[in-house]
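Some notes on the structure that comes next.
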Amino acid sequence: MIGQRFSAAAKTYDLHARPQLALAQSVVSMLPICNPGQVLELGSGTGQLTRLIAERFPGTRIDAVDIAEKMVAHSRTMFEGCPQISWMVGDAQTYWGGKRYPLIVSSSALHWTSDLQATFKNIFQCLEPGGTFALGMMLQGTLKELHELRREIAPEKTPQSSLTTYAETKVCLQDAGFSFERMKHGKEQIIYPDAKSFLKAIHEQGVTGGKVSSGNAPLSRTELGRLVADYQETYASDGGVSATYETATFLLTK
Ligand SMILES: C[S@@+](CC[C@H](N)C(=O)[O-])C[C@H]1O[C@@H](n2cnc3c(N)ncnc32)[C@H](O)[C@@H]1O
């Protein structure tokens, strides 16, 4: 399900993924200086973080894993001239490549796994003793304007669950066994030209649908029309409309 949604967004994702690029840059800014030689990336998508890792550690081998087959196929084509990157289909929650890595990275992906705690435990197992895990996560509070309006317009169709908070994410990481080296908690307002283009952008990032953004039934045409009109009026800002992205970046060790 998640894989299909992101597969559908493979070709349009980069056009609209400014918040995800900023988070990937934040992950890279926390990395240790020395080249680890081997990196595992989980939820590699179109390769925004992969490219930054390849630039930061020239020649390092990168195993890039994503659950969406079409994302993997798209990245394999886009990075054809980069033989040091292997693109693989896999689930971060259960992935085991038959070896442990000195560095594991992930950005804007793991909040989509069905069990975050199990995913962090699996990553801990995939890491060498003394190894580093650099993580960027979207948190509860992301797209809060949209969620508030949805609750008002169609309260019976609110999503079944939400993203984790900063405190909940830290507890999950601690329980999985990680030690904290550095962490950063941030909020960013992104301005979109208007409410329609905002909704199109998040759809083309693959972030609509799924347990944190769709309810037990889709919005009707009337509800959707009201959502666009109310968003335009309520969240007008700087000549467009604004949307909040709440994120965390962690540098962790085993
Ligand atoms: C928003 S994109 C982020 C991609 C990239 N890391 C970036 O920074 O732009 C999220 C990606 O996570 C992938 N994903 C979601 N759940 C996953 C899982 N359980 N295992 C591996 N990848 C997953 C999706 O298919 C999608 O490509």
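Chain identifiers are assigned as A, B, and so on, following the order in which chains appear in the structure tokens; residues are numbered from 1 within each chain, and ligands are numbered from 1 in order of appearance.
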
Item to check | Nearby residues, ligand 1, 7 Å, only C-alpha atoms and all ligand atoms, as a PyMOL selection string | outcome: chain A and resi 2-3+6-7+17+20-21+24+42-49+65-68+71+90-93+106-110+112-114+205-207

Writing out the chosen residues with N, CA and C atoms as a compact mmCIF listing (two decimals), in the first residue's frame:
```
# COMPACT_ATOMS: atom_id res chain seq x y z
N ILE A 2 1.75 1.38 1.02
CA ILE A 2 2.71 2.50 1.10
C ILE A 2 3.59 2.49 -0.14
N GLY A 3 4.06 1.27 -0.50
CA GLY A 3 4.94 1.11 -1.65
C GLY A 3 4.26 1.59 -2.92
N PHE A 6 4.01 5.55 -3.00
CA PHE A 6 5.27 6.21 -3.33
C PHE A 6 5.74 5.85 -4.74
N SER A 7 5.40 4.64 -5.21
CA SER A 7 5.74 4.27 -6.59
C SER A 7 5.07 5.26 -7.54
N ALA A 17 9.61 18.38 -3.18
CA ALA A 17 10.14 17.82 -1.93
C ALA A 17 11.12 18.76 -1.21
N GLN A 20 11.65 17.87 2.48
CA GLN A 20 12.43 16.62 2.61
C GLN A 20 13.90 16.88 2.29
N LEU A 21 14.17 17.77 1.31
CA LEU A 21 15.57 18.08 0.98
C LEU A 21 16.24 18.79 2.15
N ALA A 24 17.08 16.19 4.72
CA ALA A 24 18.23 15.37 4.29
C ALA A 24 19.53 16.16 4.52
N LEU A 42 17.97 3.66 4.36
CA LEU A 42 16.63 3.05 4.39
C LEU A 42 15.57 4.08 4.00
N GLY A 43 14.75 3.73 3.02
CA GLY A 43 13.73 4.68 2.51
C GLY A 43 14.38 5.69 1.59
N SER A 44 15.16 5.21 0.61
CA SER A 44 16.00 6.09 -0.22
C SER A 44 15.20 6.90 -1.24
N GLY A 45 13.99 6.46 -1.60
CA GLY A 45 13.12 7.22 -2.50
C GLY A 45 13.83 7.55 -3.80
N THR A 46 13.76 8.83 -4.20
CA THR A 46 14.38 9.26 -5.46
C THR A 46 15.87 9.58 -5.29
N GLY A 47 16.41 9.36 -4.12
CA GLY A 47 17.86 9.50 -3.94
C GLY A 47 18.33 10.89 -3.50
N GLN A 48 17.44 11.68 -2.90
CA GLN A 48 17.86 13.03 -2.45
C GLN A 48 18.98 12.93 -1.42
N LEU A 49 18.77 12.07 -0.40
CA LEU A 49 19.81 11.90 0.63
C LEU A 49 20.99 11.09 0.08
N VAL A 65 17.90 1.24 0.08
CA VAL A 65 16.75 0.33 0.15
C VAL A 65 15.46 1.14 0.24
N ASP A 66 14.46 0.75 -0.56
CA ASP A 66 13.15 1.41 -0.48
C ASP A 66 12.06 0.37 -0.72
N ILE A 67 10.91 0.59 -0.09
CA ILE A 67 9.82 -0.38 -0.19
C ILE A 67 9.08 -0.27 -1.53
N ALA A 68 9.19 0.90 -2.20
CA ALA A 68 8.41 1.14 -3.43
C ALA A 68 9.24 0.74 -4.65
N MET A 71 10.05 3.51 -7.16
CA MET A 71 11.06 4.47 -6.66
C MET A 71 12.44 3.89 -6.91
N GLY A 90 13.13 -3.23 -0.40
CA GLY A 90 13.09 -3.87 0.91
C GLY A 90 12.34 -3.02 1.91
N ASP A 91 11.96 -3.64 3.01
CA ASP A 91 11.19 -2.96 4.06
C ASP A 91 12.13 -2.64 5.23
N ALA A 92 12.25 -1.37 5.58
CA ALA A 92 13.17 -0.95 6.66
C ALA A 92 12.89 -1.70 7.97
N GLN A 93 11.66 -2.11 8.13
CA GLN A 93 11.25 -2.74 9.39
C GLN A 93 11.85 -4.14 9.55
N SER A 106 18.86 7.58 7.23
CA SER A 106 17.48 7.59 6.74
C SER A 106 16.90 8.98 6.93
N SER A 107 16.14 9.45 5.95
CA SER A 107 15.51 10.76 6.09
C SER A 107 14.12 10.76 5.48
N SER A 108 13.17 11.35 6.18
CA SER A 108 11.78 11.52 5.71
C SER A 108 11.13 10.20 5.30
N ALA A 109 11.49 9.11 5.94
CA ALA A 109 10.95 7.81 5.51
C ALA A 109 10.38 6.97 6.64
N LEU A 110 11.06 6.91 7.78
CA LEU A 110 10.70 5.89 8.76
C LEU A 110 9.38 6.16 9.48
N TRP A 112 6.81 6.41 8.06
CA TRP A 112 5.82 5.66 7.28
C TRP A 112 5.78 4.18 7.64
N THR A 113 6.74 3.67 8.39
CA THR A 113 6.74 2.23 8.69
C THR A 113 5.55 1.91 9.61
N SER A 114 5.07 0.67 9.56
CA SER A 114 3.86 0.38 10.33
C SER A 114 4.17 0.24 11.81
N GLN A 205 4.14 14.35 -3.64
CA GLN A 205 5.23 13.85 -2.78
C GLN A 205 4.89 12.45 -2.27
N GLY A 206 3.66 11.99 -2.52
CA GLY A 206 3.23 10.69 -2.01
C GLY A 206 2.79 10.73 -0.56
N VAL A 207 2.57 11.94 0.00
CA VAL A 207 2.26 11.99 1.44
C VAL A 207 0.77 12.01 1.75
```

Rows by chain and residue number, range 77-188 of chain A within 10 Å of range 232-237 of chain A, shortest pair, only C-alpha atoms, as JSON lines:
```
{"residue": "A:Glu145", "atom": "CA", "partner": "A:Tyr235", "partner_atom": "CA", "distance": 7.6}
{"residue": "A:Leu146", "atom": "CA", "partner": "A:Tyr235", "partner_atom": "CA", "distance": 9.5}
{"residue": "A:Leu149", "atom": "CA", "partner": "A:Thr234", "partner_atom": "CA", "distance": 9.2}
```

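By only C-alpha atoms, and with residues fewer than 5 positions from Leu227 in chain A along its chain excluded, the set lying at most 10 Å from it is Leu146, Leu149, Arg150, Glu152, Ile153, Ala154, Ala195, Lys196, Leu199, Leu219, Arg221, Thr222, Gln232 and Glu233 of chain A.
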
Write out, as a PDB file, in the first residue's frame, the residues just selected, with C-alpha atoms.
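Writing the result to selection-v3.pdb gives the following:
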```pdb
ATOM      1  CA  LEU A 146      -4.553  20.554   6.977  1.00  0.00           C
ATOM      2  CA  LEU A 149      -9.334  21.767   8.827  1.00  0.00           C
ATOM      3  CA  ARG A 150     -10.104  18.124   7.990  1.00  0.00           C
ATOM      4  CA  GLU A 152     -13.578  20.548  11.303  1.00  0.00           C
ATOM      5  CA  ILE A 153     -15.001  19.664   7.878  1.00  0.00           C
ATOM      6  CA  ALA A 154     -15.371  15.875   8.231  1.00  0.00           C
ATOM      7  CA  ALA A 195      -4.270  25.953  -1.504  1.00  0.00           C
ATOM      8  CA  LYS A 196      -4.814  23.961  -4.713  1.00  0.00           C
ATOM      9  CA  LEU A 199      -2.682  19.907  -2.079  1.00  0.00           C
ATOM     10  CA  LEU A 219     -13.562  13.262   1.406  1.00  0.00           C
ATOM     11  CA  ARG A 221     -16.260  16.486  -3.696  1.00  0.00           C
ATOM     12  CA  THR A 222     -18.127  19.054  -1.589  1.00  0.00           C
ATOM     13  CA  GLN A 232      -6.960  29.462   1.160  1.00  0.00           C
ATOM     14  CA  GLU A 233      -8.777  31.809   3.535  1.00  0.00           C
TER      15      GLU A 233
END
```

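When DSSP is run on the backbone, the residues of range 28-75 of chain A that fall into strand (DSSP E or B) are Gln38, Val39, Leu40, Glu41, Leu42, Arg61, Ile62, Asp63, Ala64, Val65 and Asp66 of chain A.
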
Residues as selected, all heavy atoms, written as a short mmCIF file (atom, residue, chain, number, x, y, z; two decimals), in the first residue's frame, can you do that?
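Final output, part_24.cif:
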```
data_model
loop_
_atom_site.label_atom_id
_atom_site.label_comp_id
_atom_site.auth_asym_id
_atom_site.auth_seq_id
_atom_site.Cartn_x
_atom_site.Cartn_y
_atom_site.Cartn_z
N GLN A 38 31.20 2.04 3.83
CA GLN A 38 29.94 1.32 3.57
C GLN A 38 28.80 2.06 4.26
O GLN A 38 28.95 2.39 5.44
CB GLN A 38 29.99 -0.05 4.26
CG GLN A 38 30.72 -1.15 3.54
CD GLN A 38 29.78 -1.86 2.56
OE1 GLN A 38 28.57 -1.72 2.64
NE2 GLN A 38 30.36 -2.58 1.63
N VAL A 39 27.72 2.27 3.55
CA VAL A 39 26.56 2.94 4.17
C VAL A 39 25.29 2.19 3.76
O VAL A 39 25.16 1.77 2.61
CB VAL A 39 26.42 4.41 3.68
CG1 VAL A 39 25.24 5.11 4.34
CG2 VAL A 39 27.69 5.20 3.91
N LEU A 40 24.38 2.03 4.70
CA LEU A 40 23.03 1.53 4.38
C LEU A 40 22.07 2.70 4.50
O LEU A 40 22.06 3.39 5.52
CB LEU A 40 22.63 0.42 5.37
CG LEU A 40 21.18 -0.06 5.28
CD1 LEU A 40 20.88 -0.74 3.93
CD2 LEU A 40 20.85 -1.04 6.43
N GLU A 41 21.28 2.93 3.45
CA GLU A 41 20.23 3.95 3.53
C GLU A 41 18.87 3.27 3.46
O GLU A 41 18.63 2.44 2.58
CB GLU A 41 20.35 4.97 2.39
CG GLU A 41 19.27 6.05 2.55
CD GLU A 41 19.18 7.04 1.42
OE1 GLU A 41 20.02 7.02 0.51
OE2 GLU A 41 18.22 7.84 1.47
N LEU A 42 17.97 3.66 4.36
CA LEU A 42 16.63 3.05 4.39
C LEU A 42 15.57 4.08 4.00
O LEU A 42 15.55 5.18 4.56
CB LEU A 42 16.36 2.49 5.79
CG LEU A 42 17.30 1.33 6.17
CD1 LEU A 42 17.23 1.03 7.66
CD2 LEU A 42 16.98 0.08 5.36
N ARG A 61 30.61 2.78 -0.60
CA ARG A 61 29.56 1.92 -1.15
C ARG A 61 28.25 2.22 -0.42
O ARG A 61 28.22 2.25 0.81
CB ARG A 61 29.91 0.44 -0.94
CG ARG A 61 31.02 -0.04 -1.85
CD ARG A 61 30.71 -1.41 -2.45
NE ARG A 61 29.30 -1.59 -2.81
CZ ARG A 61 28.77 -1.32 -4.00
NH1 ARG A 61 29.50 -0.86 -4.97
NH2 ARG A 61 27.48 -1.52 -4.23
N ILE A 62 27.19 2.45 -1.18
CA ILE A 62 25.89 2.76 -0.56
C ILE A 62 24.87 1.70 -0.97
O ILE A 62 24.64 1.49 -2.16
CB ILE A 62 25.38 4.16 -0.98
CG1 ILE A 62 26.42 5.24 -0.69
CG2 ILE A 62 24.06 4.48 -0.27
CD1 ILE A 62 26.06 6.63 -1.23
N ASP A 63 24.30 1.01 0.00
CA ASP A 63 23.17 0.12 -0.26
C ASP A 63 21.91 0.92 0.05
O ASP A 63 21.66 1.29 1.21
CB ASP A 63 23.24 -1.13 0.63
CG ASP A 63 24.36 -2.06 0.19
OD1 ASP A 63 24.83 -1.95 -0.96
OD2 ASP A 63 24.79 -2.90 1.00
N ALA A 64 21.14 1.25 -1.00
CA ALA A 64 19.96 2.12 -0.86
C ALA A 64 18.71 1.26 -0.99
O ALA A 64 18.49 0.64 -2.03
CB ALA A 64 19.99 3.20 -1.92
N VAL A 65 17.90 1.24 0.08
CA VAL A 65 16.75 0.33 0.15
C VAL A 65 15.46 1.14 0.24
O VAL A 65 15.38 2.10 1.01
CB VAL A 65 16.89 -0.56 1.41
CG1 VAL A 65 15.63 -1.41 1.63
CG2 VAL A 65 18.12 -1.45 1.31
N ASP A 66 14.46 0.75 -0.56
CA ASP A 66 13.15 1.41 -0.48
C ASP A 66 12.06 0.37 -0.72
O ASP A 66 12.25 -0.58 -1.47
CB ASP A 66 13.04 2.53 -1.53
CG ASP A 66 11.90 3.48 -1.21
OD1 ASP A 66 10.72 3.14 -1.47
OD2 ASP A 66 12.18 4.59 -0.68
#
```

message = Report as a ChimeraX atom specification all protein, DNA and RNA residues lying within 9 Å of Arg182 in chain A, evaluated on only C-alpha atoms, omitting residues in the same chain fewer than 5 positions from it.
response = /A:30,249-252

Dump as a compact mmCIF listing (two decimals), in the first residue's frame, selection limited to N, CA and C atoms:
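Generated file (result22.txt):
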```txt
# COMPACT_ATOMS: atom_id res chain seq x y z
N MET A 30 25.05 16.50 10.31
CA MET A 30 25.40 15.91 11.61
C MET A 30 26.41 14.77 11.49
N THR A 249 16.12 15.66 13.83
CA THR A 249 17.32 15.03 13.28
C THR A 249 18.09 14.46 14.47
N PHE A 250 18.52 13.21 14.34
CA PHE A 250 19.25 12.54 15.44
C PHE A 250 20.56 11.96 14.92
N LEU A 251 21.60 12.08 15.71
CA LEU A 251 22.83 11.32 15.47
C LEU A 251 22.97 10.36 16.65
N LEU A 252 22.95 9.05 16.33
CA LEU A 252 22.86 8.02 17.38
C LEU A 252 24.01 7.02 17.21
```

inquiry  = Which residues are close to Met183 in chain A, i.e. within 12 Å by only C-alpha atoms, leaving aside same-chain residues fewer than 5 positions away? Reply as a VMD selection string.
reply    = chain A and resid 26 to 27 29 to 31 133 to 137 166 to 167 169 to 170 173 247 to 252

A straight line from CA of Ile123 in chain A to CA of Glu80 in chain A spans 27.4 Å

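In this comparison, which uses only C-alpha atoms, the residue of A:His74, A:Arg151, A:Lys121, A:His203 approaching Gly177 in chain A most closely is A:Lys121.
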
From a backbone DSSP assignment, name each residue in range 26-122 of chain A labelled alpha helix (DSSP H), as number ranges by chain.
A: 26-29, 48-56, 69-78, 116-122

Generate the output file for the selected residues, N, CA, C and O atoms, as a compact mmCIF listing (two decimals), in the first residue's frame.
```txt
# COMPACT_ATOMS: atom_id res chain seq x y z
N SER A 26 20.01 18.42 6.77
CA SER A 26 20.23 18.46 8.22
C SER A 26 20.87 17.15 8.70
O SER A 26 21.77 17.16 9.54
N VAL A 27 20.43 16.01 8.13
CA VAL A 27 21.01 14.71 8.49
C VAL A 27 22.50 14.70 8.13
O VAL A 27 23.35 14.34 8.95
N VAL A 28 22.83 15.15 6.91
CA VAL A 28 24.22 15.12 6.45
C VAL A 28 25.10 16.06 7.29
O VAL A 28 26.25 15.74 7.59
N SER A 29 24.51 17.18 7.72
CA SER A 29 25.30 18.15 8.51
C SER A 29 25.74 17.55 9.85
O SER A 29 26.67 18.04 10.47
N GLN A 48 17.44 11.68 -2.90
CA GLN A 48 17.86 13.03 -2.45
C GLN A 48 18.98 12.93 -1.42
O GLN A 48 19.99 13.63 -1.50
N LEU A 49 18.77 12.07 -0.40
CA LEU A 49 19.81 11.90 0.63
C LEU A 49 20.99 11.09 0.08
O LEU A 49 22.15 11.38 0.37
N THR A 50 20.68 10.10 -0.76
CA THR A 50 21.74 9.25 -1.34
C THR A 50 22.78 10.11 -2.06
O THR A 50 23.99 9.90 -1.91
N ARG A 51 22.30 11.08 -2.85
CA ARG A 51 23.21 11.95 -3.60
C ARG A 51 24.12 12.73 -2.62
O ARG A 51 25.33 12.83 -2.82
N LEU A 52 23.52 13.25 -1.56
CA LEU A 52 24.31 14.04 -0.58
C LEU A 52 25.35 13.15 0.11
O LEU A 52 26.48 13.58 0.36
N ILE A 53 24.98 11.90 0.39
CA ILE A 53 25.92 10.97 1.05
C ILE A 53 27.07 10.64 0.09
O ILE A 53 28.24 10.62 0.48
N ALA A 54 26.72 10.40 -1.20
CA ALA A 54 27.75 10.07 -2.20
C ALA A 54 28.72 11.25 -2.37
O ALA A 54 29.92 11.05 -2.56
N GLU A 55 28.21 12.49 -2.28
CA GLU A 55 29.09 13.67 -2.41
C GLU A 55 29.96 13.83 -1.17
O GLU A 55 31.12 14.19 -1.24
N ARG A 56 29.36 13.54 -0.02
CA ARG A 56 30.08 13.72 1.25
C ARG A 56 31.19 12.68 1.42
O ARG A 56 32.26 12.97 1.94
N GLU A 69 8.75 -0.28 -5.36
CA GLU A 69 9.51 -0.82 -6.50
C GLU A 69 9.81 0.24 -7.55
O GLU A 69 10.91 0.30 -8.09
N LYS A 70 8.82 1.12 -7.82
CA LYS A 70 9.03 2.11 -8.88
C LYS A 70 10.01 3.20 -8.46
O LYS A 70 10.69 3.78 -9.28
N MET A 71 10.05 3.51 -7.16
CA MET A 71 11.06 4.47 -6.66
C MET A 71 12.44 3.89 -6.91
O MET A 71 13.36 4.58 -7.36
N VAL A 72 12.60 2.59 -6.62
CA VAL A 72 13.89 1.93 -6.80
C VAL A 72 14.27 1.93 -8.28
O VAL A 72 15.40 2.28 -8.65
N ALA A 73 13.31 1.58 -9.15
CA ALA A 73 13.59 1.54 -10.59
C ALA A 73 13.95 2.93 -11.10
O ALA A 73 14.89 3.10 -11.89
N HIS A 74 13.23 3.95 -10.64
CA HIS A 74 13.47 5.34 -11.05
C HIS A 74 14.89 5.76 -10.65
O HIS A 74 15.65 6.29 -11.45
N SER A 75 15.26 5.48 -9.40
CA SER A 75 16.58 5.90 -8.91
C SER A 75 17.70 5.16 -9.62
O SER A 75 18.73 5.74 -9.94
N ARG A 76 17.47 3.89 -9.90
CA ARG A 76 18.48 3.09 -10.61
C ARG A 76 18.78 3.75 -11.96
O ARG A 76 19.93 3.87 -12.37
N THR A 77 17.73 4.23 -12.64
CA THR A 77 17.91 4.88 -13.94
C THR A 77 18.58 6.25 -13.78
O THR A 77 19.52 6.58 -14.49
N MET A 78 18.11 7.03 -12.81
CA MET A 78 18.64 8.39 -12.63
C MET A 78 20.11 8.39 -12.21
O MET A 78 20.83 9.34 -12.48
N LEU A 116 7.15 1.65 14.27
CA LEU A 116 8.40 2.42 14.39
C LEU A 116 9.38 1.75 15.37
O LEU A 116 10.58 1.67 15.12
N GLN A 117 8.82 1.24 16.46
CA GLN A 117 9.66 0.58 17.48
C GLN A 117 10.39 -0.63 16.88
O GLN A 117 11.60 -0.80 17.05
N ALA A 118 9.64 -1.47 16.14
CA ALA A 118 10.24 -2.66 15.50
C ALA A 118 11.28 -2.23 14.47
O ALA A 118 12.33 -2.87 14.32
N THR A 119 11.01 -1.15 13.78
CA THR A 119 11.96 -0.65 12.76
C THR A 119 13.26 -0.21 13.41
O THR A 119 14.36 -0.57 12.95
N PHE A 120 13.17 0.55 14.50
CA PHE A 120 14.40 1.01 15.18
C PHE A 120 15.19 -0.19 15.73
O PHE A 120 16.40 -0.22 15.67
N LYS A 121 14.47 -1.20 16.24
CA LYS A 121 15.15 -2.40 16.77
C LYS A 121 15.88 -3.12 15.64
O LYS A 121 17.00 -3.60 15.81
N ASN A 122 15.23 -3.20 14.47
CA ASN A 122 15.86 -3.85 13.32
C ASN A 122 17.11 -3.09 12.89
O ASN A 122 18.15 -3.68 12.58
```

Restricting to only C-alpha atoms, whichever of A:Glu148, A:Glu204, A:Glu156, A:Glu128 is closest to Arg100 in chain A is A:Glu128

If you count only C-alpha atoms, the residue of A:Cys172, A:Leu127, A:Ile191, A:Ala229 closest to Trp96 in chain A turns out to be A:Leu127

Min atom-atom distance to Val105 in chain A from the set A:Ile202, A:Ala217, A:Leu23, A:Cys82, counting only C-alpha atoms, belongs to A:Leu23

Which polymer residues have any atom within 10 Å of an atom of Thr142 in chain A, counting only C-alpha atoms, with same-chain residues fewer than 2 positions away left out, as a compact mmCIF listing (two decimals) with N, CA, C and O atoms, in the first residue's frame?
```txt
# COMPACT_ATOMS: atom_id res chain seq x y z
N MET A 138 9.93 13.15 10.04
CA MET A 138 8.80 14.08 10.13
C MET A 138 8.02 13.72 11.39
O MET A 138 7.85 12.53 11.69
N LEU A 139 7.56 14.73 12.11
CA LEU A 139 6.90 14.50 13.39
C LEU A 139 5.44 14.97 13.37
O LEU A 139 5.04 15.74 12.48
N GLN A 140 4.72 14.58 14.42
CA GLN A 140 3.37 15.11 14.64
C GLN A 140 3.48 16.64 14.65
O GLN A 140 4.40 17.17 15.26
N LYS A 144 -0.13 20.38 10.15
CA LYS A 144 -1.15 20.47 11.19
C LYS A 144 -2.34 21.32 10.75
O LYS A 144 -3.48 21.05 11.14
N GLU A 145 -2.09 22.31 9.87
CA GLU A 145 -3.19 23.16 9.39
C GLU A 145 -4.21 22.31 8.62
O GLU A 145 -5.42 22.42 8.82
N LEU A 146 -3.68 21.42 7.78
CA LEU A 146 -4.55 20.55 6.98
C LEU A 146 -5.34 19.60 7.88
O LEU A 146 -6.55 19.40 7.69
N HIS A 147 -4.65 19.03 8.86
CA HIS A 147 -5.33 18.08 9.76
C HIS A 147 -6.43 18.77 10.57
O HIS A 147 -7.50 18.21 10.77
N SER A 162 -1.63 9.20 14.10
CA SER A 162 -0.85 10.37 13.69
C SER A 162 0.64 10.04 13.80
O SER A 162 1.02 9.01 14.36
N LEU A 163 1.45 10.94 13.28
CA LEU A 163 2.91 10.77 13.40
C LEU A 163 3.30 10.85 14.87
O LEU A 163 2.55 11.39 15.68
N LYS A 187 10.88 23.39 13.34
CA LYS A 187 9.59 23.62 12.67
C LYS A 187 9.86 24.56 11.52
O LYS A 187 10.57 25.55 11.69
N GLU A 188 9.29 24.26 10.36
CA GLU A 188 9.49 25.14 9.21
C GLU A 188 8.15 25.44 8.55
O GLU A 188 7.30 24.54 8.45
N GLN A 189 7.97 26.71 8.15
CA GLN A 189 6.76 27.07 7.41
C GLN A 189 7.13 27.11 5.94
O GLN A 189 8.06 27.81 5.56
N ALA A 243 2.20 26.07 5.23
CA ALA A 243 2.04 24.73 5.80
C ALA A 243 3.24 24.46 6.70
O ALA A 243 4.37 24.82 6.36
N THR A 244 2.98 23.86 7.86
CA THR A 244 4.04 23.58 8.82
C THR A 244 4.62 22.19 8.61
O THR A 244 3.87 21.23 8.37
N TYR A 245 5.93 22.09 8.69
CA TYR A 245 6.61 20.79 8.72
C TYR A 245 7.40 20.74 10.02
O TYR A 245 8.23 21.63 10.28
N GLU A 246 7.13 19.76 10.88
CA GLU A 246 7.86 19.62 12.15
C GLU A 246 8.78 18.40 12.03
O GLU A 246 8.32 17.30 11.67
N THR A 247 10.04 18.60 12.32
CA THR A 247 11.03 17.55 12.05
C THR A 247 11.99 17.35 13.22
O THR A 247 12.13 18.22 14.08
```
